[in-house]
Structure formats: structure tokens, C-alpha cells
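What follows is a set of notes on a single structure, which appears directly below.
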Amino acid sequence: MNANDYLSLYQNLTANGYTGTMEELMEQMQADQDPRAVEQNIGMVTAYAYAVSKGYTGTEDEFAELMANFGTTAQEIEIAVETFVNITVPAAVQQVTTTGEAQVRNVNAAGAEQLRGIAAEGTQQRQNVTTAGEQQVTAINNKGTEQIDAVQAKGDQVIASIPADYTELAEEVSDVKSAINKLTAQYELISEITTTEAVNRIDINRDSTGNMFNLSAVYAVLSVPSETGEGNLQFWINTASGNRLSAAYIPGVNVTNTGGWFSSKSMNWSCFGGLYKGSGSQYVTYTSVPSFNMAIRNSSCKEVTLINSVTFPAGTTFSLYGVKE
Amino acid sequence: MKKCVNGEIYNMTPEEEKQISREKIETIDDKIAELQAVVLENIGG
């Protein structure tokens with residue numbers, strides 16, 4: 001080796017961790033004349049430096065000892081591995097298998113026992129729930145029966161209280177309604193008939209639909225088609241209570257005036273004293289009566305009768321208006 | 001004599017005819033009274 005070789009080697013070694021001086025390196029190499037020893041030393045130093053560069057923290061001597069024992073250690077490792085694979089592992093596997101089978105049996109036995117316990121507990125709980133449910137149903141039914149009885153009793157009480165109040169109220173409403181009707185005279189056409197033959201009497205006790213009626217006030221309009229002569233006219237109201245309200249005579253009817261007898265609706269007959277309660281007729285000294293308008297008090301009209309001492313000719317029209325109760 | 005009930009024509013009962021007759025008599029009486037009054041008024045005049 002020349003000087004450049006030593007320098008190059010030294011630089012290489014220091015770059016890989018060698019800490020000695022150039023002189024120490026040269027002395028060591030000169031002292032060792034065996035080139036193989038040199039190569040071994042260099043190789044040793046190079047391997048140690050490489051190991052240190054990868055994180056080895058031991059000393060160079062420790063590294064050398066480690067390398068010297070490497071073969072023995074590797075052989076021991078190989079034996080250990082073979083022992084582990086061929087003996088330890090099968091034994092462990094056998095042990096695990098045996099233990100596992102025992103554990104499985106234990107688990108199965110414990111599981112079966114737990115299942116029996118759960119089943120028994122479930123049966124008991126179901127019985128408890130059933131019993132509790134039946135008790136609750138019984139309690140609810142009893143409570144429901146009590147509530148139904150209470151509601152029925154309250155309903156009976158309310159219903160029992162209604163008729164008297166309602167009857168009183170209905171009577172008051174009826175009185176008010178009757179009074180209003182009499183005051184406002186909400187007349188409506190009850191029936192209108194036209195005679196097909198000559199008659200002396202006209203009766204109406206059904207409305208235009210054929211039903212009976214009860215009227216709190218009435219008026220009538222009579223129209224004759226031709227002159228009938230001079231006579232007396234009487235107008236009756238038969239009431240629901242069996243009385244006859246006679247409008248008495250209407251004397252001196254001027255039958256020559258056929259254009260509008262009794263056509264006015266504005267005159268209330270009772271205001272002229274022509275309305276009498278009773279069966280007897282009363283003579284009224286009117287010579288011209290424009291209406292049949294009559295108010296009925298404390299009774300109701302179920303029938304009207306018009307009587308004429310002379311004959312109503314065929315084609316006479318008699319219209320009855322009234323205020324319904 | 002006949003009567004009209006709800007638009008239908010019927011014969012009057014004897015009692016109903018008597019009622020009409022009374023009406024007629026009273027009408028005649030009224031007319032007589034009126035004539036008497038006229039006569040008396042004329043005589044007196």
C-alpha cells in the first residue's frame with residue numbers, strides 16, 4: 001500500500017466512524033504483517049462502522065465478541081426454533097386443544113344451565129305478567145263499571161233536570177212568539193176557495209194542504225162575481241176550545257158594490273166591538289164593513305164559517321188569511 | 001140550500017137551513033123597519 005492508499009483508507013474509515021488517528025491506523029496495519037489479518041481488521045472495523053451507522057450502540061470490542069459468537073448463537077437459535085416448532089408448538093397446540101375442548105364442554109354445560117335458568121325465570125315472569133295483567137284488567141273493568149255508573153247517574157240527573165226547565169222555557173218562548181205574532185200580524189194565506197155553485201154558507205177548517213190549523217188571528221177577503229141582493233152576513237170563528245167567536249151580523253151589505261168587498265186588510269174588526277165570545281149573534285150596525293180582520297185572544301181558530309142570508313153566486317172567492325200559532 | 005166546505009159542495013142540514021132562514025127573516029125585518037122609518041119620515045114631513 002502506498003501513502004495514497006493509506007490516506008484513502010483512513011478517509012473511508014473515518015467517514016464510517018473510525019475515531020483513531022492516521023498514525024494509529026498505520027501502526028496497527030504495520031504491526032500486523034498478515035494481509036488477511038489486515039483485511040480482517042479492516043473488515044471488522046468496516047462492519048462495526050456500518051453497524052454503528054445503523055444504530056448499534058455497543059463498543060467495538062462488544063461488537064467483535066458478538067461477531068465471534070454469532071455462529072454459536074445462530075446454531076442455538078436454529079436448535080431452539082426446531083425445538084419450538086417440533087415440540088413446543090405441538091405440545092402447546094395439544095394443550096390448547098385439550099383446554100379448548102374442556103372449555104367448550106364447560107361453556108356448553110354452563111350455557112345449558114343458564115338456558116334452563118332463563119327458561120324457568122321467563123316462565124315465572126310470564127306468569128307474573130299474566131297475573132298482573134289479569135289483575136289490571138279486573139281493576140280497569142271495575143273502574144270502568146264505576147265510571148259508567150257515575151256517567152249514567154249524572155246523565156239521568158241531567159236529563160231529569162231538563163224537562164221542567166225546557167217546558168218552562170218552551171212555554172215562555174211560545175208566549176213570546178204568540179205575542180209577537182199578534183203584534184206583528186204575520187198573516188199568511190191559509191186557504192182560498194172559489195164556489196162552483198150558488199151557496200149560502202162557506203166553511204173552511206183545512207188549509208190548502210188539507211191539514212187542520214190553529215190561528216191566533218184571521219182575516220178574510222170575499223169577492224163575488226155579480227150582484228146577489230141585499231142581506232145580512234155573519235162570520236163565525238170556531239175555536240180549538242169549542243167556543244164560537246161570532247162576528248155577528250154585517251147588515252146592509254151593498255151587493256151592488258161587487259168590486260171590493262172586505263178587501264181592506266187594515267181594519268181590525270174587534271176594535272169596533274163586533275167580536276163577541278159566545279153562541280149568540282150580535283147585530284152590528286155597520287153599513288159598510290171593509291174587512292173581516294179579527295184578532296183572537298186566549299184561544300185559537302180552527303174553523304171559520306161565513307153565512308149569508310142571500311146566496312153567494314157560483315164563482316164567489318173566499319180567501320182566509322191567518323197567523324199560525 | 002147548499003154550502004161549500006173547503007171547496008166541496010154539500011146540502012145543508014135542516015138546522016143549518018133554519019139558521020139561514022132566521023138570517024132572511026131578520027133581513028126582512030130590517031127592511032121593514034127601514035121602510036117604516038121612511039114612511040114615518042114622509043108622513044111626518
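Starting from 1 in every chain, residues are counted up; chains themselves are A, B, ... following the order of the C-alpha cells, and ligands are numbered from 1 as listed.
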Just the residues within 9 Å of Lys3 of chain B, please, counting only C-alpha atoms, with nothing from its chain fewer than 4 positions along; format it as a ChimeraX atom specification. /A:197-203 /B:8-12
Distance filter 7 Å, only C-alpha atoms, chain B against chain A, as a short mmCIF file (atom, residue, chain, number, x, y, z; two decimals) with C-alpha atoms, in the first residue's frame:
data_model
loop_
_atom_site.label_atom_id
_atom_site.label_comp_id
_atom_site.auth_asym_id
_atom_site.auth_seq_id
_atom_site.Cartn_x
_atom_site.Cartn_y
_atom_site.Cartn_z
CA MET B 1 -179.79 25.07 0.21
CA LYS B 2 -176.16 24.27 -0.26
CA LYS B 3 -172.93 25.06 1.47
CA CYS B 4 -169.29 24.99 0.44
CA VAL B 5 -166.90 23.25 2.85
CA ASN B 6 -163.24 23.55 1.94
CA GLY B 7 -164.32 23.99 -1.67
CA ILE B 20 -180.24 30.87 7.03
CA GLU B 23 -180.99 35.41 8.69
CA LYS B 24 -183.50 36.07 5.95
CA THR B 27 -183.09 40.82 6.96
#
For the strand (DSSP E) assignment from backbone DSSP, which residues of segment 16-224 of chain A qualify? Please present them as JSON, numbers by chain. {"A": [188, 189, 190, 191, 192, 193, 194, 199, 200, 201, 202, 203, 204, 215, 216, 217, 218, 219, 220, 221, 222, 223]}
Computed interatomic separation between atom CA of Thr131 of chain A and atom CA of Leu115 of chain A (Å):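 If I compute the distance from atom CA of Thr131 of chain A to atom CA of Leu115 of chain A, I get 23.6 Å.
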What gap, in Å, lies between atom CA of Ala91 of chain A and atom CA of Gly111 of chain A?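 These atoms are spaced 29.0 Å apart.
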Just how far from atom CA of Val96 of chain A is atom CA of Gln114 of chain A, in Å to one decimal?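 Those two atoms sit 25.3 Å apart.
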Contacts of Leu320 of chain A at 10 Å or less, counting only C-alpha atoms, minus same-chain residues fewer than 6 places along, as number ranges by chain? A: 187-193, 204, 207, 218-222, 292-293, 304
Keeping only N, CA and C atoms, take the residues you just selected and write them out as an mmCIF file, in the first residue's frame.
data_model
loop_
_atom_site.group_PDB
_atom_site.id
_atom_site.type_symbol
_atom_site.label_atom_id
_atom_site.label_comp_id
_atom_site.auth_asym_id
_atom_site.auth_seq_id
_atom_site.Cartn_x
_atom_site.Cartn_y
_atom_site.Cartn_z
ATOM 1 N N TYR A 187 -149.492 37.511 8.819
ATOM 2 C CA TYR A 187 -150.529 36.741 8.137
ATOM 3 C C TYR A 187 -149.954 35.960 6.963
ATOM 4 N N GLU A 188 -150.567 34.832 6.726
ATOM 5 C CA GLU A 188 -150.248 34.061 5.532
ATOM 6 C C GLU A 188 -151.550 33.464 5.011
ATOM 7 N N LEU A 189 -151.549 33.171 3.755
ATOM 8 C CA LEU A 189 -152.750 32.604 3.142
ATOM 9 C C LEU A 189 -152.947 31.184 3.652
ATOM 10 N N ILE A 190 -154.104 30.943 4.280
ATOM 11 C CA ILE A 190 -154.398 29.614 4.809
ATOM 12 C C ILE A 190 -155.122 28.793 3.756
ATOM 13 N N SER A 191 -156.143 29.393 3.170
ATOM 14 C CA SER A 191 -156.892 28.682 2.134
ATOM 15 C C SER A 191 -157.653 29.688 1.283
ATOM 16 N N GLU A 192 -157.824 29.359 0.051
ATOM 17 C CA GLU A 192 -158.625 30.215 -0.834
ATOM 18 C C GLU A 192 -159.489 29.296 -1.683
ATOM 19 N N ILE A 193 -160.823 29.502 -1.586
ATOM 20 C CA ILE A 193 -161.723 28.629 -2.341
ATOM 21 C C ILE A 193 -162.612 29.490 -3.228
ATOM 22 N N ILE A 204 -164.470 26.750 6.204
ATOM 23 C CA ILE A 204 -163.064 26.366 5.972
ATOM 24 C C ILE A 204 -162.507 25.850 7.293
ATOM 25 N N ASP A 207 -156.388 23.780 5.774
ATOM 26 C CA ASP A 207 -155.586 24.701 4.971
ATOM 27 C C ASP A 207 -155.465 24.166 3.550
ATOM 28 N N VAL A 218 -157.070 36.141 12.337
ATOM 29 C CA VAL A 218 -157.525 35.816 10.986
ATOM 30 C C VAL A 218 -158.088 37.062 10.327
ATOM 31 N N TYR A 219 -158.075 37.026 9.029
ATOM 32 C CA TYR A 219 -158.922 37.950 8.273
ATOM 33 C C TYR A 219 -159.284 37.254 6.975
ATOM 34 N N ALA A 220 -160.393 37.697 6.414
ATOM 35 C CA ALA A 220 -160.894 37.049 5.216
ATOM 36 C C ALA A 220 -161.192 38.101 4.158
ATOM 37 N N VAL A 221 -161.069 37.693 2.948
ATOM 38 C CA VAL A 221 -161.385 38.565 1.810
ATOM 39 C C VAL A 221 -162.422 37.842 0.967
ATOM 40 N N LEU A 222 -163.574 38.525 0.755
ATOM 41 C CA LEU A 222 -164.676 37.936 -0.007
ATOM 42 C C LEU A 222 -164.852 38.716 -1.296
ATOM 43 N N PHE A 292 -162.739 41.569 7.256
ATOM 44 C CA PHE A 292 -163.093 40.516 8.202
ATOM 45 C C PHE A 292 -161.989 40.317 9.227
ATOM 46 N N ASN A 293 -161.174 41.283 9.367
ATOM 47 C CA ASN A 293 -159.975 41.106 10.180
ATOM 48 C C ASN A 293 -160.320 40.961 11.649
ATOM 49 N N VAL A 304 -163.559 28.526 10.286
ATOM 50 C CA VAL A 304 -164.318 29.761 10.040
ATOM 51 C C VAL A 304 -165.553 29.407 9.215
#
